[in-house]
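Shown next: structure35.txt, given as compact mmCIF, C-alpha atoms.
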```txt
# COMPACT_ATOMS: atom_id res chain seq x y z
CA MET F 1 152.28 134.66 82.11
CA ILE F 2 152.05 131.87 84.68
CA GLU F 3 148.66 130.26 84.57
CA LEU F 4 146.47 130.92 87.54
CA ASP F 5 144.13 127.99 87.17
CA LYS F 6 146.04 125.89 89.66
CA ALA F 7 144.93 128.30 92.32
CA SER F 8 141.31 128.01 91.33
CA ALA F 9 141.68 124.23 91.40
CA GLY F 10 142.67 124.45 95.03
CA ILE F 11 146.23 123.29 94.49
CA GLY F 12 148.96 124.96 96.49
CA PRO F 13 149.36 126.30 99.97
CA PRO F 14 146.49 127.91 101.81
CA PRO F 15 146.22 131.67 101.29
CA THR F 16 148.09 132.62 104.44
CA LEU F 17 150.88 134.59 102.74
CA SER F 18 150.43 138.30 103.31
CA PHE F 19 151.31 140.77 100.63
CA GLU F 20 153.65 142.58 102.99
CA GLU F 21 155.63 139.40 103.69
CA PHE F 22 155.76 138.59 100.01
CA TYR F 23 156.96 142.10 99.19
CA GLY F 24 159.63 142.00 101.86
CA ALA F 25 160.86 138.59 100.78
CA HIS F 26 161.29 139.33 97.08
CA PHE F 27 161.66 143.04 96.45
CA GLN F 28 165.37 143.32 97.10
CA SER F 29 166.50 140.17 95.31
CA LEU F 30 164.41 141.01 92.24
CA THR F 31 165.74 144.55 92.13
CA VAL F 32 169.32 143.28 92.29
CA GLN F 33 168.64 140.89 89.41
CA LEU F 34 167.07 143.54 87.24
CA TYR F 35 169.79 146.03 88.07
CA ALA F 36 172.32 143.48 86.87
CA TYR F 37 170.27 143.07 83.72
CA ALA F 38 169.51 146.69 82.85
CA GLY F 39 172.32 148.54 84.62
CA ASP F 40 170.05 151.19 86.17
CA LEU F 41 169.06 150.79 89.79
CA ALA F 42 166.22 153.33 89.74
CA ASP F 43 164.66 151.71 86.68
CA ALA F 44 165.03 148.29 88.27
CA GLN F 45 163.21 149.46 91.41
CA ASP F 46 160.42 151.02 89.36
CA VAL F 47 159.93 147.85 87.38
CA VAL F 48 159.85 145.67 90.48
CA GLN F 49 157.41 148.04 92.18
CA GLU F 50 155.17 147.85 89.12
CA ALA F 51 155.31 144.06 89.20
CA PHE F 52 154.22 144.10 92.85
CA CYS F 53 151.37 146.48 92.02
CA ARG F 54 150.15 143.96 89.47
CA ALA F 55 150.47 141.20 92.02
CA LEU F 56 148.50 143.21 94.56
CA ASP F 57 145.76 143.85 92.02
CA ARG F 58 145.17 140.10 91.75
CA TRP F 59 146.50 139.07 95.13
CA PRO F 60 143.76 136.58 96.10
CA ARG F 61 144.77 134.44 93.12
CA VAL F 62 148.51 135.07 93.18
CA SER F 63 148.80 134.27 96.87
CA ARG F 64 147.32 130.82 96.30
CA LEU F 65 149.80 129.85 93.59
CA ASP F 66 152.33 127.10 94.22
CA ASP F 67 155.14 129.58 93.82
CA PRO F 68 154.08 133.23 93.92
CA GLY F 69 157.78 134.12 93.81
CA ALA F 70 158.10 132.60 90.35
CA TRP F 71 155.05 134.58 89.23
CA ILE F 72 156.41 137.91 90.41
CA ARG F 73 159.84 137.12 88.98
CA ARG F 74 158.40 136.36 85.58
CA VAL F 75 156.23 139.48 85.57
CA ALA F 76 159.12 141.69 86.67
CA TRP F 77 161.46 140.22 84.07
CA ASN F 78 158.89 140.60 81.32
CA LEU F 79 158.37 144.23 82.28
CA ALA F 80 162.12 144.82 82.40
CA THR F 81 162.65 143.20 79.02
CA SER F 82 159.92 145.30 77.42
CA GLN F 83 161.34 148.44 78.98
CA TRP F 84 164.86 147.53 77.95
CA ARG F 85 163.76 146.98 74.36
CA ARG F 86 162.03 150.35 74.32
CA ALA F 87 165.13 151.96 75.78
CA MET F 88 167.32 150.34 73.14
CA THR F 89 165.02 151.58 70.38
CA ALA F 90 165.12 155.09 71.83
CA ALA F 91 168.90 154.94 72.18
CA ARG F 92 169.29 153.87 68.56
CA PHE F 93 167.09 156.77 67.50
CA VAL F 94 169.10 159.24 69.56
CA ARG F 95 172.40 157.87 68.23
CA ARG F 96 171.21 158.38 64.68
CA HIS F 97 170.23 161.97 65.34
CA ARG F 98 172.98 163.44 67.41
CA GLU F 99 176.62 163.08 68.20
CA GLU F 100 177.23 160.33 70.69
CA THR F 101 178.86 161.22 73.99
CA VAL F 102 180.17 158.30 75.95
CA PRO F 103 180.16 158.82 79.70
CA GLY F 104 183.35 157.99 81.51
CA PRO F 105 183.45 155.23 84.06
CA GLY F 106 181.94 156.48 87.30
CA PRO F 107 183.05 155.44 90.76
CA ASP F 108 179.85 153.41 91.28
CA ARG F 109 180.39 151.29 88.26
CA ILE F 110 180.68 147.69 89.37
CA ALA F 111 182.93 145.37 87.39
CA LEU F 112 180.38 142.58 87.15
CA ALA F 113 177.63 144.91 85.90
CA ALA F 114 180.00 146.20 83.26
CA ALA F 115 180.92 142.69 82.23
CA LEU F 116 177.27 141.63 82.11
CA ALA F 117 176.49 144.57 79.85
CA THR F 118 178.71 143.01 77.18
CA LEU F 119 176.53 139.90 76.97
CA PRO F 120 173.65 139.56 74.52
CA ALA F 121 170.34 140.17 76.28
CA ARG F 122 169.18 136.56 76.38
CA HIS F 123 172.53 135.26 77.57
CA ARG F 124 172.60 137.95 80.22
CA ARG F 125 169.13 137.05 81.37
CA ALA F 126 169.97 133.38 81.66
CA VAL F 127 173.23 134.07 83.52
CA ILE F 128 171.54 136.42 86.02
CA LEU F 129 168.65 134.07 86.66
CA HIS F 130 171.09 131.23 87.20
CA TYR F 131 173.72 132.95 89.33
CA LEU F 132 171.80 135.70 91.07
CA ALA F 133 168.33 134.21 91.42
CA ASP F 134 169.49 130.59 91.74
CA VAL F 135 166.84 129.45 89.29
CA PRO F 136 167.37 125.93 87.89
CA VAL F 137 168.08 125.53 84.18
CA SER F 138 164.71 123.89 83.50
CA GLU F 139 162.86 126.78 85.11
CA ILE F 140 164.88 129.33 83.18
CA ALA F 141 164.04 127.46 80.00
CA ALA F 142 160.34 127.57 80.89
CA GLN F 143 160.47 131.26 81.70
CA LEU F 144 162.29 132.12 78.50
CA ASN F 145 160.20 129.74 76.38
CA THR F 146 163.16 127.73 75.17
CA THR F 147 164.80 124.36 75.75
CA ASP F 148 167.15 123.29 78.54
CA GLY F 149 169.91 122.73 75.97
CA THR F 150 169.62 126.27 74.67
CA VAL F 151 169.81 127.69 78.18
CA LYS F 152 172.89 125.56 78.93
CA SER F 153 174.48 126.86 75.74
CA TRP F 154 173.71 130.48 76.71
CA LEU F 155 175.11 129.88 80.18
CA HIS F 156 178.27 128.34 78.75
CA ARG F 157 178.90 131.27 76.42
CA GLY F 158 177.94 133.77 79.07
CA ARG F 159 180.34 132.23 81.55
CA ALA F 160 183.19 132.37 79.07
CA THR F 161 182.52 136.00 78.18
CA LEU F 162 182.21 137.02 81.82
CA ALA F 163 185.38 135.18 82.77
CA ALA F 164 187.31 136.97 80.04
CA ALA F 165 185.87 140.35 81.03
CA LEU F 166 186.55 139.86 84.70
CA THR F 167 190.09 138.65 83.99
CA ASP F 168 190.76 141.76 81.90
CA GLU F 169 189.41 143.90 84.67
CA GLU F 170 191.65 142.23 87.22
CA ASN F 171 194.66 142.67 84.94
CA ASP F 172 193.84 146.36 84.52
CA ARG F 173 193.74 146.80 88.28
CA ASP F 174 197.12 145.11 88.79
CA MET V 1 182.50 123.01 90.72
CA THR V 2 185.09 124.50 88.39
CA ASP V 3 187.30 127.44 89.24
CA LEU V 4 185.36 129.50 86.76
CA ASP V 5 182.05 128.71 88.44
CA GLU V 6 183.55 129.47 91.79
CA ARG V 7 184.84 132.81 90.60
CA LEU V 8 181.50 133.70 89.10
CA ASN V 9 179.64 132.66 92.22
CA THR V 10 181.95 134.81 94.29
CA ALA V 11 181.55 137.74 91.91
CA PHE V 12 177.74 137.48 91.96
CA ALA V 13 177.65 137.12 95.75
CA ASP V 14 179.81 140.23 96.01
CA PHE V 15 177.51 142.03 93.59
CA ARG V 16 174.45 141.05 95.61
CA HIS V 17 176.17 142.13 98.79
CA ARG V 18 177.14 145.53 97.42
CA VAL V 19 173.94 146.38 95.59
CA GLY V 20 171.45 145.01 98.13
CA PRO V 21 171.83 147.84 100.65
CA LEU V 22 171.33 150.40 97.88
CA VAL V 23 167.83 149.14 97.13
CA ARG V 24 165.17 151.44 98.57
CA PRO V 25 161.75 149.81 98.25
CA ASP V 26 158.85 152.21 97.77
CA GLY V 27 156.87 150.09 100.18
CA THR V 28 153.56 148.29 100.19
CA ASP V 29 151.64 151.45 101.09
CA ARG V 30 152.75 152.99 97.84
CA ALA V 31 151.77 149.85 95.94
CA GLN V 32 148.34 149.89 97.56
CA ALA V 33 147.86 153.57 96.71
CA THR V 34 148.84 152.88 93.09
CA VAL V 35 146.42 149.98 92.82
CA ARG V 36 143.61 152.02 94.40
CA THR V 37 144.18 154.84 91.92
CA ARG V 38 144.18 152.44 88.98
CA ARG V 39 141.00 150.78 90.15
CA ARG V 40 139.29 154.15 90.49
CA ARG V 41 140.38 155.05 86.96
CA ARG V 42 139.17 151.73 85.62
CA MET V 43 135.82 152.23 87.34
CA ALA V 44 135.52 155.74 85.94
CA THR V 45 136.36 154.52 82.45
CA ALA V 46 133.91 151.65 82.74
CA ALA V 47 131.21 154.01 84.01
CA GLY V 48 131.84 156.35 81.10
CA ALA V 49 131.64 153.50 78.63
CA LEU V 50 128.46 152.24 80.24
CA ALA V 51 126.91 155.69 80.09
CA LEU V 52 127.83 155.92 76.43
CA VAL V 53 126.20 152.58 75.75
CA THR V 54 123.07 153.23 77.78
CA VAL V 55 122.50 156.72 76.44
CA GLY V 56 124.22 156.78 73.08
CA VAL V 57 122.98 153.52 71.64
CA PRO V 58 119.26 154.08 72.36
CA ALA V 59 119.56 157.66 71.11
CA GLY V 60 121.29 156.49 67.96
CA GLY V 61 118.73 153.75 67.52
CA PHE V 62 115.92 156.21 67.98
CA ALA V 63 117.45 158.56 65.46
CA THR V 64 117.92 155.75 62.97
CA ALA V 65 114.43 154.38 63.47
CA THR V 66 112.69 157.70 63.20
CA GLY V 67 114.86 159.99 61.20
CA GLY V 68 116.93 158.07 58.71
CA ASP V 69 119.67 160.31 57.45
CA ARG V 70 117.94 163.38 58.84
CA ALA V 71 117.92 162.58 62.50
CA PRO V 72 116.23 165.04 64.87
CA THR V 73 118.45 167.93 65.74
CA PRO V 74 117.25 169.38 69.04
CA ALA V 75 119.19 172.60 68.65
CA ALA V 76 117.53 173.30 65.35
CA SER V 77 114.04 172.57 66.63
CA PRO V 78 112.55 175.88 67.68
CA SER V 79 109.74 174.45 69.75
CA ARG V 80 111.26 171.36 71.17
CA ALA V 81 110.38 172.55 74.64
CA ASP V 82 106.73 172.16 73.71
CA LEU V 83 107.10 168.43 73.30
CA LYS V 84 107.77 165.84 75.88
CA ILE V 85 109.62 162.82 74.58
CA SER V 86 106.51 160.66 75.10
CA GLU V 87 104.61 162.98 72.86
CA VAL V 88 106.89 162.54 69.89
CA PRO V 89 104.62 161.45 67.06
CA ARG V 90 104.89 157.76 66.44
CA LEU V 91 104.56 157.92 62.72
CA TYR V 92 106.67 160.93 62.07
CA ALA V 93 109.24 161.95 64.54
CA PHE V 94 109.37 165.56 65.49
CA GLY V 95 111.52 167.35 62.96
CA THR V 96 111.52 164.36 60.64
CA PRO V 97 110.56 164.98 57.03
CA LEU V 98 107.69 163.16 55.44
CA THR V 99 107.92 162.68 51.70
CA PHE V 100 104.74 162.82 49.69
CA VAL V 101 103.55 163.24 46.11
CA SER V 102 100.82 165.76 45.46
CA ASP V 103 97.69 164.64 43.74
CA PRO V 104 97.82 165.37 39.99
CA ALA V 105 94.06 164.97 39.74
CA GLY V 106 93.62 167.88 42.07
CA GLY V 107 94.99 170.34 39.61
CA TYR V 108 97.28 172.66 41.34
CA ARG V 109 96.09 171.73 44.71
CA GLY V 110 96.86 168.72 46.77
CA THR V 111 96.58 167.74 50.34
CA ALA V 112 98.63 165.73 52.69
CA GLN V 113 97.49 164.41 55.99
CA VAL V 114 99.75 164.57 58.93
CA ALA V 115 99.13 161.80 61.39
CA PHE V 116 100.73 162.04 64.77
CA GLY V 117 99.79 158.61 65.93
CA ASN V 118 98.00 157.47 69.07
CA TYR V 119 98.40 159.75 71.99
CA GLY V 120 96.01 158.54 74.66
CA LYS V 121 96.50 160.88 77.58
CA SER V 122 97.86 163.54 75.30
CA ALA V 123 94.51 164.20 73.68
CA GLY V 124 93.82 167.86 73.15
CA ARG V 125 94.17 170.71 70.74
CA TYR V 126 97.54 171.20 69.16
CA GLN V 127 99.19 173.64 66.86
CA ALA V 128 101.81 172.39 64.44
CA THR V 129 104.25 174.46 62.46
CA ILE V 130 105.15 172.63 59.29
CA GLN V 131 107.68 173.50 56.65
CA LEU V 132 107.16 172.50 53.05
CA SER V 133 110.11 171.74 50.80
CA ALA V 134 111.20 174.06 48.01
CA GLY V 135 108.80 174.32 45.08
CA LEU V 136 105.70 173.91 47.22
CA GLU V 137 103.47 176.67 48.39
CA ALA V 138 101.12 176.43 51.31
CA VAL V 139 97.45 177.28 50.81
CA GLU V 140 94.70 177.85 53.30
CA GLY V 141 92.28 175.12 54.29
CA GLY V 142 92.02 172.01 56.41
CA GLY V 143 92.78 173.90 59.57
CA CYS V 144 96.02 175.19 58.13
CA ARG V 145 97.09 178.63 57.03
CA PRO V 146 100.28 179.94 55.51
CA GLY V 147 102.72 181.25 58.03
CA THR V 148 104.64 184.46 57.87
CA THR V 149 107.53 182.80 56.05
CA PRO V 150 107.12 181.18 52.62
CA ARG V 151 106.47 177.42 52.74
CA ILE V 152 105.68 177.54 56.42
CA VAL V 153 102.25 176.28 57.36
CA VAL V 154 100.59 176.64 60.72
CA CYS V 155 97.94 174.03 61.41
CA THR V 156 95.59 173.69 64.31
CA GLY V 157 93.68 170.55 65.11
CA THR V 158 92.66 168.11 67.75
CA ILE V 159 94.44 164.98 68.67
CA GLU V 160 91.88 162.56 70.02
CA ALA V 161 92.57 159.92 72.59
CA LEU V 162 93.48 156.54 71.14
CA SER V 163 93.22 157.77 67.62
CA SER V 164 95.27 159.66 65.13
CA ARG V 165 94.28 163.19 64.64
CA ILE V 166 95.02 164.36 61.16
CA PHE V 167 96.03 167.77 60.04
CA THR V 168 95.27 168.39 56.43
CA VAL V 169 97.86 170.49 54.75
CA GLY V 170 97.07 172.13 51.43
CA PHE V 171 99.77 172.85 48.92
CA ALA V 172 100.22 173.84 45.32
CA SER V 173 102.22 172.43 42.42
CA ALA V 174 100.34 169.28 41.48
CA GLY V 175 102.40 166.19 40.82
CA HIS V 176 105.35 167.66 42.61
CA THR V 177 107.32 165.43 44.85
CA GLY V 178 108.34 167.12 48.00
CA HIS V 179 108.38 166.76 51.70
CA PHE V 180 107.31 168.55 54.75
CA GLU V 181 108.83 168.72 58.14
CA VAL V 182 107.14 169.29 61.45
CA LEU V 183 109.10 172.09 63.05
CA SER V 184 107.11 172.28 66.23
CA LEU V 185 104.10 170.82 67.92
CA ARG V 186 102.56 172.80 70.73
CA ARG V 187 99.63 171.87 72.89
CA LEU V 188 97.11 174.66 73.12
CA ARG V 189 95.36 175.59 76.32
CA ASP V 190 91.84 174.13 76.51
```
Take the structure from the file and write it as structure tokens.
Amino acid sequence: MIELDKASAGIGPPPTLSFEEFYGAHFQSLTVQLYAYAGDLADAQDVVQEAFCRALDRWPRVSRLDDPGAWIRRVAWNLATSQWRRAMTAARFVRRHREETVPGPGPDRIALAAALATLPARHRRAVILHYLADVPVSEIAAQLNTTDGTVKSWLHRGRATLAAALTDEENDRD
Amino acid sequence: MTDLDERLNTAFADFRHRVGPLVRPDGTDRAQATVRTRRRRRMATAAGALALVTVGVPAGGFATATGGDRAPTPAASPSRADLKISEVPRLYAFGTPLTFVSDPAGGYRGTAQVAFGNYGKSAGRYQATIQLSAGLEAVEGGGCRPGTTPRIVVCTGTIEALSSRIFTVGFASAGHTGHFEVLSLRRLRD
């Protein structure tokens, strides 16, 4: 969690940001990121809405942060990661107890989302934060509690895997 | 920027462009309603916890201080309505057993004195119904008489202001260790 003591120390912009403006500025971009991560738009919207509810609950402090956008992004991503882990656990349980049925590719399936789904969770997270949220490597490293070098390594591997997947997809279309 | 980066940037921009319009925010009103509901629930939970602490802890403390492992059980107290909480005897809580040893020198008879503590404004004549433990038999005397049920004693006496009025309970079986329990304490009309 981002520390809030900067706000109490009076650092940062004056509390002129309204919650409505904040919501409007970040809801869509965060939902797109989390959809790319989890592959379910409805879940992504729910998670982002929950993150905004938490922000609203402590809005006087959040609104005085240097970067409230980073706070909401971190909260939303943490929620999404927890939910994704729970979903994976449930899916493993279901797979063990009944015959697996694999859904066919639907018309809404987007090539990039499919390619992202092949990445390990941490690589996927780093790639999405970097390419979709335009977050610098150092900030990604801080958010994921790792080093810049590790993030660069994840990005490198993620890029290679995505490139291969997208190339295959293009070849299949041709 | 490499070709690969360029391709990925293009792919992500396309993704953003295609998914963005599909996002349907619930809206800030919904967020505010959710937060209001949660705050109300938190308040209700906190109020419940506070009530538990303010009522439960003193009650538990009272039971521990006065009753030990036989805490007062209001439902089992037939004459609880006769007692206001301020009139609960200080030395022996209503319904709380008092252990005593009968006097061997008194042959088969012994006495025990029941002190109800200082009452002040509660001075007056009272009637107590007292139950003796198994093996003891109530006898007449000291303002007490056997009740209609074995080992039940009904005592009448005066509680004086700022002093402890004592009921004297007679019982048999010298040297026997037993206890008695005040089942009810009722103030008599003057």
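Pairwise distance (CA of Phe27 in chain F, CA of Ala115 in chain F) equals 23.9 Å.
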For chain V, work out the contacting residues on chain F at 8 Å, counting all atoms listed in the file, and write them as a ChimeraX atom specification. /F:19-20,23,27-29,31-32,41,45,49-50,52-54,56-57,110,112,131-132,159,163
If we count only C-alpha atoms, what is near Ala80 in chain F at a cut-off of 8 Å, once residues fewer than 6 positions away on the same chain are taken out, given as a compact mmCIF listing (two decimals) with C-alpha atoms, in the coordinates of the input?
```txt
# COMPACT_ATOMS: atom_id res chain seq x y z
CA LEU F 34 167.07 143.54 87.24
CA ALA F 38 169.51 146.69 82.85
CA ALA F 44 165.03 148.29 88.27
CA VAL F 47 159.93 147.85 87.38
```
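The coordinates place CA of Gln33 in chain F at 6.3 Å from CA of Ile128 in chain F.
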Residue with smallest distance to Val153 in chain V - pool V:Ser133, V:Glu6, V:Ala44, V:Ala128, counting all atoms listed in the file: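 Smallest distance to Val153 in chain V is found for V:Ala128.
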Could you please determine the separation between CA of Arg64 in chain F and CA of Ala141 in chain F in Å, to one decimal place?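 Going from CA of Arg64 in chain F over to CA of Ala141 in chain F, I get 23.6 Å.
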Residue with smallest distance to Arg122 in chain F - pool F:Tyr37, F:Gln83, F:Pro60, F:Ala164, counting all atoms listed in the file: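 Looking at the shortest contact to Arg122 in chain F, the residue is F:Tyr37.
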